[in-house]
>>> print(open('coords11.cif').read())   # mmCIF, C-alpha atoms
data_my_file
loop_
_atom_site.group_PDB
_atom_site.id
_atom_site.type_symbol
_atom_site.label_atom_id
_atom_site.label_comp_id
_atom_site.auth_asym_id
_atom_site.auth_seq_id
_atom_site.Cartn_x
_atom_site.Cartn_y
_atom_site.Cartn_z
ATOM 1 C CA MET P 1 -63.216 68.402 22.011
ATOM 2 C CA SER P 2 -65.608 66.543 19.771
ATOM 3 C CA LEU P 3 -64.962 65.601 16.209
ATOM 4 C CA ALA P 4 -67.516 66.709 13.646
ATOM 5 C CA SER P 5 -69.276 64.001 11.605
ATOM 6 C CA GLY P 6 -67.699 63.523 8.185
ATOM 7 C CA SER P 7 -64.609 65.482 9.116
ATOM 8 C CA SER P 8 -61.317 63.844 8.637
ATOM 9 C CA THR P 9 -58.267 64.426 10.643
ATOM 10 C CA ARG P 10 -54.905 63.116 9.581
ATOM 11 C CA ARG P 11 -53.255 61.009 12.235
ATOM 12 C CA LYS P 12 -49.658 61.870 12.664
ATOM 13 C CA THR P 13 -47.170 59.231 13.454
ATOM 14 C CA PRO P 14 -44.585 59.669 16.162
ATOM 15 C CA GLY P 15 -41.762 61.860 15.143
ATOM 16 C CA GLY P 16 -43.884 63.703 12.578
ATOM 17 C CA LEU P 17 -43.382 61.077 9.913
ATOM 18 C CA LYS P 18 -46.000 60.317 7.353
ATOM 19 C CA PRO P 19 -47.716 56.968 7.459
ATOM 20 C CA PRO P 20 -46.614 54.559 4.789
ATOM 21 C CA GLU P 21 -48.515 54.400 1.525
ATOM 22 C CA GLY P 22 -51.486 52.098 1.560
ATOM 23 C CA LEU P 23 -51.923 52.549 5.302
ATOM 24 C CA LYS P 24 -54.514 55.340 5.802
ATOM 25 C CA PRO P 25 -56.396 56.377 8.899
ATOM 26 C CA PRO P 26 -59.742 54.708 9.366
ATOM 27 C CA GLU P 27 -61.517 58.017 8.658
ATOM 28 C CA GLU P 28 -60.065 58.219 5.134
ATOM 29 C CA ARG P 29 -60.819 54.576 4.442
ATOM 30 C CA GLY P 30 -64.464 55.224 5.152
ATOM 31 C CA THR P 31 -64.505 53.133 8.263
ATOM 32 C CA PRO P 32 -67.180 54.285 10.716
ATOM 33 C CA THR P 33 -65.841 55.542 13.951
ATOM 34 C CA THR P 34 -68.959 55.340 16.086
ATOM 35 C CA GLY P 35 -69.346 52.114 17.903
ATOM 36 C CA THR P 36 -66.381 50.513 16.245
ATOM 37 C CA PRO P 37 -62.983 50.465 17.919
ATOM 38 C CA THR P 38 -60.214 51.789 15.784
ATOM 39 C CA THR P 39 -56.909 50.087 15.386
ATOM 40 C CA ILE P 40 -53.892 52.271 15.695
ATOM 41 C CA ALA P 41 -51.298 51.477 13.064
ATOM 42 C CA PRO P 42 -47.866 50.598 14.362
ATOM 43 C CA PRO P 43 -45.298 53.334 14.099
ATOM 44 C CA THR P 44 -43.023 53.456 11.161
ATOM 45 C CA GLY P 45 -39.790 51.618 11.683
ATOM 46 C CA THR P 46 -41.420 48.629 13.387
ATOM 47 C CA PRO P 47 -41.874 45.883 10.811
ATOM 48 C CA PRO P 48 -45.288 44.229 10.795
ATOM 49 C CA ALA P 49 -45.497 40.781 12.245
ATOM 50 C CA SER P 50 -45.219 38.213 9.488
ATOM 51 C CA THR P 51 -47.507 35.218 9.488
ATOM 52 C CA GLU P 52 -45.120 33.128 7.309
ATOM 53 C CA LYS P 53 -42.954 30.547 9.009
ATOM 54 C CA PRO P 54 -39.214 31.121 8.645
ATOM 55 C CA ALA P 55 -37.600 28.873 6.115
ATOM 56 C CA ALA P 56 -35.711 25.973 7.595
ATOM 57 C CA ALA P 57 -31.982 26.429 7.436
ATOM 58 C CA ALA P 58 -30.182 24.048 5.062
ATOM 59 C CA PRO P 59 -28.311 21.375 6.978
ATOM 60 C CA ILE P 60 -24.579 21.894 6.970
ATOM 61 C CA ARG P 61 -22.845 18.800 5.785
ATOM 62 C CA PRO P 62 -19.626 18.133 7.586
ATOM 63 C CA GLY P 63 -16.647 17.988 5.279
ATOM 64 C CA ARG P 64 -14.765 14.754 4.784
ATOM 65 C CA PRO P 65 -11.970 14.602 7.326
ATOM 66 C CA ARG P 66 -8.566 14.628 5.780
ATOM 67 C CA PRO P 67 -6.522 11.533 6.517
ATOM 68 C CA GLN P 68 -3.792 12.334 8.917
ATOM 69 C CA ARG P 69 -0.367 10.970 8.160
ATOM 70 C CA ALA P 70 1.212 8.877 10.802
ATOM 71 C CA PRO P 71 4.210 10.488 12.433
ATOM 72 C CA VAL P 72 7.519 9.623 10.859
ATOM 73 C CA LEU P 73 9.293 8.603 14.049
ATOM 74 C CA PRO P 74 6.895 5.772 15.034
ATOM 75 C CA ARG P 75 7.079 4.375 11.505
ATOM 76 C CA VAL P 76 10.866 4.402 11.560
ATOM 77 C CA LEU P 77 10.935 2.741 14.958
ATOM 78 C CA ARG P 78 8.429 0.118 13.811
ATOM 79 C CA ALA P 79 10.486 -0.647 10.698
ATOM 80 C CA ALA P 80 13.665 -0.877 12.767
ATOM 81 C CA LEU P 81 11.975 -3.221 15.238
ATOM 82 C CA THR P 82 10.697 -5.434 12.413
ATOM 83 C CA GLY P 83 14.143 -5.592 10.810
ATOM 84 C CA ALA P 84 15.788 -6.406 14.132
ATOM 85 C CA THR P 85 13.277 -9.196 14.780
ATOM 86 C CA LYS P 86 13.895 -10.761 11.392
ATOM 87 C CA SER P 87 17.681 -10.609 11.741
ATOM 88 C CA VAL P 88 17.931 -12.101 15.236
ATOM 89 C CA ALA P 89 18.456 -15.660 13.957
ATOM 90 C CA ILE P 90 21.149 -14.585 11.480
ATOM 91 C CA VAL P 91 22.975 -12.542 14.120
ATOM 92 C CA ALA P 92 22.843 -15.519 16.502
ATOM 93 C CA LEU P 93 24.307 -17.795 13.810
ATOM 94 C CA LEU P 94 27.158 -15.388 13.073
ATOM 95 C CA LEU P 95 27.854 -14.964 16.780
ATOM 96 C CA ALA P 96 28.033 -18.739 17.269
ATOM 97 C CA TRP P 97 30.277 -18.987 14.207
ATOM 98 C CA GLU P 98 32.618 -16.394 15.717
ATOM 99 C CA LEU P 99 32.740 -17.813 19.241
ATOM 100 C CA ALA P 100 32.797 -21.579 18.602
ATOM 101 C CA PRO P 101 36.299 -21.664 16.993
ATOM 102 C CA ARG P 102 37.706 -19.198 19.519
ATOM 103 C CA PHE P 103 36.558 -21.272 22.502
ATOM 104 C CA GLY P 104 37.847 -24.506 20.955
ATOM 105 C CA LEU P 105 34.420 -26.034 20.325
ATOM 106 C CA VAL P 106 35.472 -26.717 16.707
ATOM 107 C CA ASP P 107 38.823 -26.827 14.974
ATOM 108 C CA ARG P 108 39.502 -23.322 13.675
ATOM 109 C CA THR P 109 41.691 -24.798 10.936
ATOM 110 C CA PHE P 110 38.587 -26.143 9.192
ATOM 111 C CA LEU P 111 36.086 -23.575 10.490
ATOM 112 C CA PRO P 112 37.818 -20.231 11.065
ATOM 113 C CA PRO P 113 36.013 -17.467 12.961
ATOM 114 C CA PHE P 114 33.605 -15.334 10.993
ATOM 115 C CA SER P 115 35.838 -12.282 11.394
ATOM 116 C CA GLU P 116 38.622 -14.050 9.473
ATOM 117 C CA VAL P 117 36.152 -15.054 6.762
ATOM 118 C CA ALA P 118 34.960 -11.440 6.514
ATOM 119 C CA GLN P 119 38.568 -10.251 6.213
ATOM 120 C CA ALA P 120 39.242 -12.789 3.435
ATOM 121 C CA TRP P 121 36.034 -11.707 1.681
ATOM 122 C CA TRP P 122 37.181 -8.089 1.742
ATOM 123 C CA GLU P 123 40.565 -9.041 0.315
ATOM 124 C CA LEU P 124 38.819 -10.864 -2.548
ATOM 125 C CA VAL P 125 36.728 -7.769 -3.189
ATOM 126 C CA ALA P 126 39.787 -5.519 -3.122
ATOM 127 C CA ASN P 127 41.812 -7.559 -5.630
ATOM 128 C CA GLY P 128 38.802 -8.018 -7.960
ATOM 129 C CA GLN P 129 38.657 -11.810 -7.838
ATOM 130 C CA LEU P 130 35.238 -11.913 -6.194
ATOM 131 C CA ALA P 131 33.670 -9.511 -8.690
ATOM 132 C CA ASP P 132 35.027 -11.407 -11.714
ATOM 133 C CA ASN P 133 33.923 -14.804 -10.475
ATOM 134 C CA ALA P 134 30.518 -13.547 -9.315
ATOM 135 C CA GLN P 135 29.907 -11.895 -12.685
ATOM 136 C CA ALA P 136 30.703 -15.116 -14.547
ATOM 137 C CA SER P 137 28.330 -17.099 -12.323
ATOM 138 C CA LEU P 138 25.511 -14.571 -12.537
ATOM 139 C CA VAL P 139 25.663 -14.419 -16.333
ATOM 140 C CA ARG P 140 25.396 -18.197 -16.584
ATOM 141 C CA SER P 141 22.748 -18.506 -13.913
ATOM 142 C CA PHE P 142 20.488 -15.726 -15.186
ATOM 143 C CA SER P 143 20.839 -16.890 -18.793
ATOM 144 C CA GLY P 144 19.738 -20.417 -17.961
ATOM 145 C CA PHE P 145 17.048 -19.232 -15.567
ATOM 146 C CA GLY P 146 15.580 -16.793 -18.113
ATOM 147 C CA ALA P 147 15.537 -19.435 -20.838
ATOM 148 C CA ALA P 148 13.783 -21.882 -18.508
ATOM 149 C CA VAL P 149 11.099 -19.325 -17.612
ATOM 150 C CA ALA P 150 10.562 -18.380 -21.267
ATOM 151 C CA VAL P 151 10.055 -22.030 -22.254
ATOM 152 C CA SER P 152 8.376 -23.583 -19.220
ATOM 153 C CA VAL P 153 5.659 -21.016 -18.457
ATOM 154 C CA PRO P 154 3.994 -21.052 -21.917
ATOM 155 C CA LEU P 155 4.390 -24.838 -22.158
ATOM 156 C CA GLY P 156 2.881 -25.301 -18.693
ATOM 157 C CA LEU P 157 -0.073 -23.057 -19.548
ATOM 158 C CA LEU P 158 -0.658 -25.036 -22.741
ATOM 159 C CA ILE P 159 -0.463 -28.413 -21.014
ATOM 160 C CA GLY P 160 -2.657 -27.300 -18.138
ATOM 161 C CA TRP P 161 -5.287 -25.753 -20.429
ATOM 162 C CA TYR P 162 -5.599 -28.609 -22.914
ATOM 163 C CA ARG P 163 -6.240 -31.924 -21.218
ATOM 164 C CA PRO P 164 -5.313 -34.144 -24.247
ATOM 165 C CA VAL P 165 -1.845 -32.561 -24.393
ATOM 166 C CA ALA P 166 -1.382 -33.220 -20.677
ATOM 167 C CA ASP P 167 -2.427 -36.868 -21.017
ATOM 168 C CA LEU P 168 0.023 -37.317 -23.883
ATOM 169 C CA LEU P 169 3.076 -35.693 -22.274
ATOM 170 C CA ASN P 170 2.571 -36.466 -18.585
ATOM 171 C CA PRO P 171 4.412 -39.867 -18.525
ATOM 172 C CA LEU P 172 7.452 -38.404 -20.288
ATOM 173 C CA LEU P 173 7.502 -35.366 -18.015
ATOM 174 C CA GLN P 174 7.407 -37.549 -14.923
ATOM 175 C CA VAL P 175 10.509 -39.424 -16.150
ATOM 176 C CA PHE P 176 12.502 -36.209 -16.590
ATOM 177 C CA LEU P 177 11.240 -34.765 -13.311
ATOM 178 C CA ASN P 178 12.601 -37.703 -11.339
ATOM 179 C CA THR P 179 16.011 -37.596 -13.063
ATOM 180 C CA ALA P 180 18.424 -35.429 -11.106
ATOM 181 C CA ALA P 181 20.103 -32.666 -13.052
ATOM 182 C CA LEU P 182 23.518 -33.307 -11.489
ATOM 183 C CA ALA P 183 23.292 -36.959 -12.550
ATOM 184 C CA LEU P 184 23.082 -35.761 -16.159
ATOM 185 C CA LEU P 185 25.989 -33.342 -15.822
ATOM 186 C CA PRO P 186 28.522 -35.763 -17.390
ATOM 187 C CA VAL P 187 26.092 -36.297 -20.274
ATOM 188 C CA PHE P 188 25.860 -32.556 -20.906
ATOM 189 C CA VAL P 189 29.643 -32.245 -20.761
ATOM 190 C CA LEU P 190 30.106 -35.122 -23.228
ATOM 191 C CA LEU P 191 27.513 -33.780 -25.657
ATOM 192 C CA LEU P 192 28.165 -30.031 -25.367
ATOM 193 C CA GLY P 193 31.755 -29.828 -24.106
ATOM 194 C CA ILE P 194 33.096 -28.113 -21.010
ATOM 195 C CA GLY P 195 32.393 -24.591 -22.241
ATOM 196 C CA GLU P 196 29.580 -22.181 -21.458
ATOM 197 C CA THR P 197 26.952 -24.089 -23.418
ATOM 198 C CA SER P 198 26.969 -27.124 -21.172
ATOM 199 C CA LYS P 199 26.791 -25.043 -17.990
ATOM 200 C CA ILE P 200 23.878 -22.924 -19.194
ATOM 201 C CA SER P 201 22.095 -26.001 -20.527
ATOM 202 C CA ILE P 202 22.303 -27.829 -17.208
ATOM 203 C CA VAL P 203 20.818 -24.757 -15.497
ATOM 204 C CA VAL P 204 17.963 -24.663 -18.028
ATOM 205 C CA TYR P 205 17.266 -28.346 -17.451
ATOM 206 C CA ALA P 206 17.286 -28.008 -13.664
ATOM 207 C CA CYS P 207 15.063 -24.901 -13.622
ATOM 208 C CA ALA P 208 12.529 -26.036 -16.198
ATOM 209 C CA TRP P 209 10.780 -28.734 -14.161
ATOM 210 C CA PRO P 210 9.756 -26.768 -11.042
ATOM 211 C CA ILE P 211 8.385 -23.980 -13.233
ATOM 212 C CA LEU P 212 6.626 -26.358 -15.621
ATOM 213 C CA PHE P 213 4.847 -28.488 -13.033
ATOM 214 C CA ASN P 214 3.834 -25.541 -10.877
ATOM 215 C CA THR P 215 2.383 -23.819 -13.921
ATOM 216 C CA ILE P 216 0.392 -26.917 -14.863
ATOM 217 C CA SER P 217 -0.876 -27.230 -11.297
ATOM 218 C CA ALA P 218 -1.793 -23.526 -11.222
ATOM 219 C CA VAL P 219 -3.990 -23.782 -14.318
ATOM 220 C CA ARG P 220 -5.726 -26.940 -13.169
ATOM 221 C CA THR P 221 -6.478 -25.663 -9.663
ATOM 222 C CA VAL P 222 -8.203 -22.402 -10.608
ATOM 223 C CA ASP P 223 -11.320 -21.856 -8.481
ATOM 224 C CA PRO P 224 -14.276 -23.495 -10.346
ATOM 225 C CA THR P 225 -16.576 -20.743 -9.066
ATOM 226 C CA LEU P 226 -14.540 -18.152 -10.965
ATOM 227 C CA LEU P 227 -14.758 -20.237 -14.118
ATOM 228 C CA ARG P 228 -18.540 -20.625 -13.818
ATOM 229 C CA LEU P 229 -19.002 -16.897 -13.245
ATOM 230 C CA ALA P 230 -16.821 -16.065 -16.222
ATOM 231 C CA LYS P 231 -18.671 -18.523 -18.467
ATOM 232 C CA SER P 232 -22.013 -17.089 -17.360
ATOM 233 C CA MET P 233 -20.820 -13.750 -18.794
ATOM 234 C CA ASN P 234 -20.296 -15.440 -22.183
ATOM 235 C CA LEU P 235 -16.570 -14.784 -22.250
ATOM 236 C CA SER P 236 -14.713 -16.337 -25.130
ATOM 237 C CA ALA P 237 -11.961 -18.865 -24.457
ATOM 238 C CA PRO P 238 -9.096 -16.391 -25.058
ATOM 239 C CA ARG P 239 -10.738 -13.766 -22.829
ATOM 240 C CA LEU P 240 -11.439 -16.367 -20.147
ATOM 241 C CA PHE P 241 -7.810 -17.393 -20.203
ATOM 242 C CA GLN P 242 -6.588 -13.781 -20.124
ATOM 243 C CA LYS P 243 -8.944 -12.376 -17.476
ATOM 244 C CA VAL P 244 -9.460 -15.317 -15.119
ATOM 245 C CA ILE P 245 -7.051 -18.228 -15.488
ATOM 246 C CA LEU P 246 -3.797 -16.351 -15.974
ATOM 247 C CA PRO P 247 -4.243 -13.874 -13.060
ATOM 248 C CA ALA P 248 -5.405 -16.654 -10.729
ATOM 249 C CA SER P 249 -2.349 -18.749 -11.642
ATOM 250 C CA VAL P 250 0.286 -16.110 -10.873
ATOM 251 C CA PRO P 251 0.955 -17.042 -7.201
ATOM 252 C CA THR P 252 1.467 -20.749 -7.908
ATOM 253 C CA ILE P 253 3.577 -20.030 -10.979
ATOM 254 C CA PHE P 254 5.852 -17.776 -8.960
ATOM 255 C CA THR P 255 6.267 -20.495 -6.369
ATOM 256 C CA GLY P 256 7.862 -22.616 -9.074
ATOM 257 C CA ILE P 257 9.900 -19.667 -10.335
ATOM 258 C CA ARG P 258 11.307 -19.020 -6.864
ATOM 259 C CA LEU P 259 12.230 -22.698 -6.485
ATOM 260 C CA ALA P 260 13.913 -22.569 -9.871
ATOM 261 C CA GLY P 261 15.864 -19.454 -8.839
ATOM 262 C CA ALA P 262 17.401 -21.337 -5.915
ATOM 263 C CA VAL P 263 18.063 -24.418 -8.049
ATOM 264 C CA SER P 264 19.802 -22.354 -10.736
ATOM 265 C CA ILE P 265 22.522 -21.198 -8.334
ATOM 266 C CA VAL P 266 23.035 -24.589 -6.661
ATOM 267 C CA VAL P 267 23.329 -26.515 -9.922
ATOM 268 C CA LEU P 268 25.570 -23.881 -11.469
ATOM 269 C CA VAL P 269 28.049 -24.028 -8.600
ATOM 270 C CA ALA P 270 28.276 -27.790 -9.020
ATOM 271 C CA ALA P 271 28.749 -27.399 -12.774
ATOM 272 C CA GLU P 272 31.486 -24.791 -12.316
ATOM 273 C CA MET P 273 33.503 -27.205 -10.228
ATOM 274 C CA ILE P 274 34.084 -29.305 -13.363
ATOM 275 C CA GLY P 275 36.165 -27.776 -16.109
ATOM 276 C CA ALA P 276 35.496 -24.113 -15.353
ATOM 277 C CA LYS P 277 38.042 -21.317 -15.252
ATOM 278 C CA ALA P 278 35.851 -18.694 -13.572
ATOM 279 C CA GLY P 279 32.814 -18.557 -11.334
ATOM 280 C CA LEU P 280 31.987 -18.876 -7.674
ATOM 281 C CA GLY P 281 32.038 -22.667 -7.913
ATOM 282 C CA TYR P 282 35.501 -22.484 -9.410
ATOM 283 C CA LEU P 283 36.586 -20.086 -6.617
ATOM 284 C CA ILE P 284 35.343 -22.427 -3.902
ATOM 285 C CA ASN P 285 36.941 -25.467 -5.508
ATOM 286 C CA ALA P 286 40.289 -23.750 -6.084
ATOM 287 C CA SER P 287 40.337 -22.414 -2.521
ATOM 288 C CA GLN P 288 39.754 -25.919 -1.196
ATOM 289 C CA TYR P 289 42.639 -27.375 -3.232
ATOM 290 C CA ASN P 290 44.943 -24.555 -2.085
ATOM 291 C CA PHE P 291 43.768 -24.959 1.508
ATOM 292 C CA ALA P 292 42.662 -21.313 1.600
ATOM 293 C CA ILE P 293 39.776 -22.088 3.930
ATOM 294 C CA PRO P 294 38.701 -18.472 4.699
ATOM 295 C CA GLN P 295 38.465 -17.736 0.948
ATOM 296 C CA MET P 296 36.411 -20.892 0.484
ATOM 297 C CA TYR P 297 33.910 -19.788 3.113
ATOM 298 C CA ALA P 298 33.897 -16.288 1.619
ATOM 299 C CA GLY P 299 32.724 -17.776 -1.682
ATOM 300 C CA ILE P 300 30.030 -19.803 0.099
ATOM 301 C CA VAL P 301 28.770 -16.698 1.938
ATOM 302 C CA THR P 302 28.661 -14.791 -1.347
ATOM 303 C CA ILE P 303 26.518 -17.497 -2.937
ATOM 304 C CA SER P 304 24.129 -17.364 0.028
ATOM 305 C CA VAL P 305 23.806 -13.581 -0.188
ATOM 306 C CA ILE P 306 23.147 -13.728 -3.941
ATOM 307 C CA GLY P 307 20.511 -16.422 -3.437
ATOM 308 C CA VAL P 308 18.685 -14.440 -0.755
ATOM 309 C CA ALA P 309 18.761 -11.233 -2.819
ATOM 310 C CA PHE P 310 17.500 -13.050 -5.903
ATOM 311 C CA ASN P 311 14.662 -14.603 -3.942
ATOM 312 C CA GLN P 312 13.634 -11.223 -2.505
ATOM 313 C CA LEU P 313 13.614 -9.769 -6.007
ATOM 314 C CA LEU P 314 11.266 -12.512 -7.195
ATOM 315 C CA VAL P 315 9.014 -11.958 -4.161
ATOM 316 C CA ALA P 316 8.768 -8.246 -5.024
ATOM 317 C CA VAL P 317 7.864 -9.051 -8.638
ATOM 318 C CA GLU P 318 5.236 -11.550 -7.449
ATOM 319 C CA LYS P 319 3.626 -8.934 -5.177
ATOM 320 C CA ARG P 320 3.583 -6.490 -8.057
ATOM 321 C CA LEU P 321 1.858 -8.908 -10.434
ATOM 322 C CA SER P 322 -0.633 -10.185 -7.850
ATOM 323 C CA SER P 323 -1.523 -6.834 -6.268
ATOM 324 C CA TRP P 324 -5.208 -7.468 -7.100
ATOM 325 C CA ARG P 325 -5.421 -10.139 -4.408
ATOM 326 C CA VAL P 326 -7.190 -9.229 -1.172
ATOM 327 C CA PRO P 327 -4.815 -9.736 1.768
ATOM 328 C CA VAL P 328 -5.922 -12.328 4.285
ATOM 329 C CA THR P 329 -6.719 -10.774 7.659
ATOM 330 C CA SER P 330 -6.666 -12.891 10.782
#
>>> encode(input="coords11.cif", output="structure tokens")
Amino acid sequence: MSLASGSSTRRKTPGGLKPPEGLKPPEERGTPTTGTPTTIAPPTGTPPASTEKPAAAAPIRPGRPRPQRAPVLPRVLRAALTGATKSVAIVALLLAWELAPRFGLVDRTFLPPFSEVAQAWWELVANGQLADNAQASLVRSFSGFGAAVAVSVPLGLLIGWYRPVADLLNPLLQVFLNTAALALLPVFVLLLGIGETSKISIVVYACAWPILFNTISAVRTVDPTLLRLAKSMNLSAPRLFQKVILPASVPTIFTGIRLAGAVSIVVLVAAEMIGAKAGLGYLINASQYNFAIPQMYAGIVTISVIGVAFNQLLVAVEKRLSSWRVPVTS
């Protein structure tokens, strides 16, 4: 069947659907049919091929991994192993102390086994004698130690910061440094009596010099590079002292403070053996005169425990104040 010229026939899409708007048969668009191939429109429901490139998908950034906590059991085991390693030497000493008198290596009259010393220590705790004497010693020791820190640290910073003051006072300080505190104990007793004042004063004198000289050394040995960098930032002298010199001096200052903490207990015990009515030194001396040897050793062990605890407290304070330091890794 031939199509008449100029006639138009609507092309039906499959399924009897109408072609979409804007898409007419070539006859209606005035396109000649003779000699020109016609293009059949795609059926409705099939999207036309797009010439645009698909947009690139945004890269998915991986989230930051959450730090995983170490298991509790390995940490506990590691801490227990570290504590056991550190206490091996002390346990060995106590074991030798216990076995040597029992096997006759030493006279147990003058060195009783550690178990007897521990029993005597518990008896002193039970009857309150140990607590009373330890309290008297700690009050004296901490009072003198605190006064020495309060005086020596500012004076050491002043002497270390101002060179003329150091040149003026250095000869006098060297004389006092080389004079033993226990050698001056009779002088303190004569001048201040046998009461609390003389005992606290001798502790202040003994503790002042380690703190003072370590503070002076700390100020003078600050890294010159830090000082040059701080001066290049046009810091004033007070700010330079506050931000650079004082933080850099903390470790060396605390070295002197820890030495003074040990000295305060040793000197106090010696001072309490002369004219005291209470204190660990008095307890040790009285036990010796009464030939209560286990009680004497119990007092000595108590002094050792107090000294170790005091030193650990100062170490913790030093770590707190110098937490800005970068730990050295090997």
>>> resolve_selection(input="coords11.cif", expression="the PyMOL selection byres ((chain P and resi 145) around 10)", output="MDAnalysis selection string")
chainID P and resid 139:144 146:150 200:201 203:208 257 260:265
>>> resolve_selection(input="coords11.cif", expression="the PyMOL selection byres ((chain P and resi 283-286) around 12)", output="PyMOL selection string")
chain P and resi 121+124+129-134+136-137+269-282+287-303
>>> atom_distance(input="coords11.cif", atom1="atom CA of Leu240 of chain P", atom2="atom CA of Arg220 of chain P")
13.9 Å
>>> atom_distance(input="coords11.cif", atom1="atom CA of Ile202 of chain P", atom2="atom CA of Leu182 of chain P")
8.0 Å
>>> residues_around(input="coords11.cif", residues="Trp97 of chain P", least_positions_apart="6", cutoff="12 Å", atoms="only C-alpha atoms", output="PyMOL selection string")
chain P and resi 90-91+103-108+111-118+297
>>> residues_around(input="coords11.cif", residues="Thr255 of chain P", least_positions_apart="5", cutoff="10 Å", atoms="only C-alpha atoms", output="list in words")
Pro210, Ile211, Asn214, Thr215, Ala218, Val250, Ala260, Gly261, Leu314, Val315 and Glu318 of chain P
>>> residues_around(input="coords11.cif", residues="segment 155-159 of chain P", least_positions_apart="4", cutoff="6 Å", atoms="all atoms listed in the file", output="NGL selection string")
:P and (165-166 or 212 or 215-216)
>>> atom_distance(input="coords11.cif", atom1="atom CA of Leu227 of chain P", atom2="atom CA of Leu246 of chain P")
11.8 Å
